[in-house]
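The structure appears right after this line, and notes come after that.
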Amino acid sequence: MKMKSIVARIACALVVVSSSFAHERIFTYSYEPSTEPKGELEFEQHVTSRIGRNADVGQNAFHRVQLREEIEYGVTDNYQVSLYFNHQYEYFKDPTTGQHRSDYRQTGFSLENKYMLLDPAEHAIGLALYLEPTYDGPNFELEQKIIIGQRYGDWRWALNLTHATEWTDHFRGKEGEVELSFGVARKIGSHWTLGVEVRDHNEIPEYKRWENTVIYLGPVLCYKRSGWFGTLSVMPQIYGVNYTGNPDNNTHLELQGHERINIRLICGFNF
């Protein structure tokens with residue numbers, strides 16, 4: 001009986017440790033299926049730097065910084081909701097006129113809903129569903145994800161299947177997006193996790209033609225302490241194609257709707 005009691009206590013401790021890492025973001029694009037525990041509140045700051053288009057698309061020295069402030073709350077142990085405030089700064093040089101163009105604007109609010117169907121701590125694979133509407137006045141977007149993932153000792157992985165529709169100009173226009181993202185990482189030491197993440201992003205204007213396909217691949221590094229974490233990814237574009245022509249005059253990258261490199265930093269703080 002004594003041995004059974006010890007084993008039971010160790011199992012409980014492992015569950016507690018596992019759940020304490022549930023809200024930690026070890027990937028910057030791929031979500032894991034775990035959700036915020038009931039009653040817990042977290043603030044996250046997202047900073048995404050999108051760098052590099054070219055003169056052929058009229059945007060030399062292109063740089064867009066996207067900022068998202070997020071408040072995340074565990075409604076139940078299986079359901080979390082998050083409110084985002086979105087804004088961005090964009091800069092580029094017009095190669096025709098030589099003028100430097102810059103713009104800052106708010107890009108609306110998002111309401112993230114994530115429901116865990118299968119807890120990875122209790123099943124062979126974790127599964128969650130995700131729905132996020134975004135509204136900024138003239139534009140509205142609805143994003144859906146299927147999220148799967150699991151942990152094996154110090155190893156973790158996540159796969160996301162994403163579809164989104166953006167309606168623009170008060171629903172006069174629309175564009176579809178399809179994305180596949182995957183991340184795998186390993187814990188190194190007591191505070192660090194190192195991995196790699198890949199994204200395949202596609203745009204479908206008006207759902208009439210498949211306009212482009214772009215693949216990003218790069219390392220991701222997470223550092224966690226009690227009550228907070230920081231995660232950084234650096235993902236260069238390794239392949240891109242525009243199926244409607246070659247507007248960027250580039251045979252191996254897509255630089256009209258995408259950038260040469262994406263850098264993302266996420267910092268999270270528990271309350």
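Naming scheme: A, B, ... for chains in displayed order of the structure tokens; residues 1 onward per chain; ligands 1 onward as shown.
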
So that I can see what lies close to A:Thr165, please list as a list of chain:residue names the residues with an atom at most 9 Å from it, counting only C-alpha atoms and leaving out residues fewer than 2 positions away in the same chain.
A:Phe140, A:Glu141, A:Leu142, A:Glu143, A:His163, A:Trp167, A:Lys174, A:Glu175, A:Gly176, A:Glu177

So that I can check the secondary structure, give me every residue of stretch 129-187 of chain A assigned strand (DSSP E or B) by backbone DSSP, as a VMD selection string.
chain A and resid 129 to 135 140 to 152 155 to 168 173 to 187

Leaving out A:Cys267 and any residue of its chain fewer than 6 positions from it, which residues lie within 12 Å of it when counting only C-alpha atoms, given as a list in words?
His23, Glu24, Arg25, Ile26, Phe27, Thr28, Glu42, Phe43, Glu44, Gln45, His46, Val47, Thr48, Leu67, Arg68, Glu69, Glu70, Ile71, Leu221, Cys222, Tyr223, Lys224, Arg225, Gly227, Trp228, Phe229, Gly230, Thr231 and Leu232 of chain A

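Checking A:Asp56, A:Asp154, A:Glu203, A:Glu122 one by one against A:Asp94, counting only C-alpha atoms, you find the shortest gap at A:Asp56.
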
Can you tell me which residues surround A:Ser181 at a distance of at most 7 Å, considering only C-alpha atoms, apart from same-chain residues fewer than 6 positions away, and format the answer as a PyMOL selection string?
chain A and resi 30+159-161+198-200

Could you please take those selected residues and save N, CA and C atoms as an mmCIF file, in the first residue's frame?
```cif
data_model
loop_
_atom_site.group_PDB
_atom_site.id
_atom_site.type_symbol
_atom_site.label_atom_id
_atom_site.label_comp_id
_atom_site.auth_asym_id
_atom_site.auth_seq_id
_atom_site.Cartn_x
_atom_site.Cartn_y
_atom_site.Cartn_z
ATOM 1 N N SER A 30 2.529 28.077 -34.026
ATOM 2 C CA SER A 30 1.775 26.848 -33.791
ATOM 3 C C SER A 30 1.293 26.794 -32.340
ATOM 4 N N LEU A 159 0.837 20.603 -34.318
ATOM 5 C CA LEU A 159 0.463 20.760 -35.718
ATOM 6 C C LEU A 159 -0.851 21.531 -35.770
ATOM 7 N N ASN A 160 -0.896 22.594 -36.586
ATOM 8 C CA ASN A 160 -2.098 23.417 -36.732
ATOM 9 C C ASN A 160 -2.553 23.444 -38.184
ATOM 10 N N LEU A 161 -3.838 23.224 -38.401
ATOM 11 C CA LEU A 161 -4.471 23.384 -39.711
ATOM 12 C C LEU A 161 -5.380 24.602 -39.602
ATOM 13 N N VAL A 198 7.853 25.446 -38.797
ATOM 14 C CA VAL A 198 7.675 25.623 -40.235
ATOM 15 C C VAL A 198 6.237 26.043 -40.511
ATOM 16 N N ARG A 199 6.057 26.942 -41.498
ATOM 17 C CA ARG A 199 4.731 27.416 -41.896
ATOM 18 C C ARG A 199 4.593 27.348 -43.413
ATOM 19 N N ASP A 200 3.436 26.899 -43.867
ATOM 20 C CA ASP A 200 3.074 26.937 -45.279
ATOM 21 C C ASP A 200 1.824 27.800 -45.386
#
```

Env of A:Val220: 7 Å cut, atoms = only C-alpha atoms, seq-sep filter 2 positions within chain, self excluded. Answer as an MDAnalysis selection string.
chainID A and resid 27 194:197 218 222 232:234

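The interatomic distance for the pair atom CA of A:Asn139 and atom CA of A:Val214 works out to 24.0 Å.
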
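Each of A:Tyr216, A:Tyr152, A:Phe62, A:Tyr115 was compared to A:Gly74 using only C-alpha atoms, and A:Tyr115 turns out to be the nearest.
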
So, with only C-alpha atoms as the atoms that count, which of A:Pro219, A:Gly268, A:Met235, A:Gly126 lies closest to A:Ala185?
A:Pro219

Go ahead and compute the interatomic distance for atom CA of A:Pro120 and atom CA of A:Gly189, in Å to one decimal.
22.3 Å

Of the candidates A:Gln59, A:Asn78, A:Gln237, A:Asn113, which shows the shortest atom-to-atom distance to A:Arg260, using only C-alpha atoms?
A:Gln237
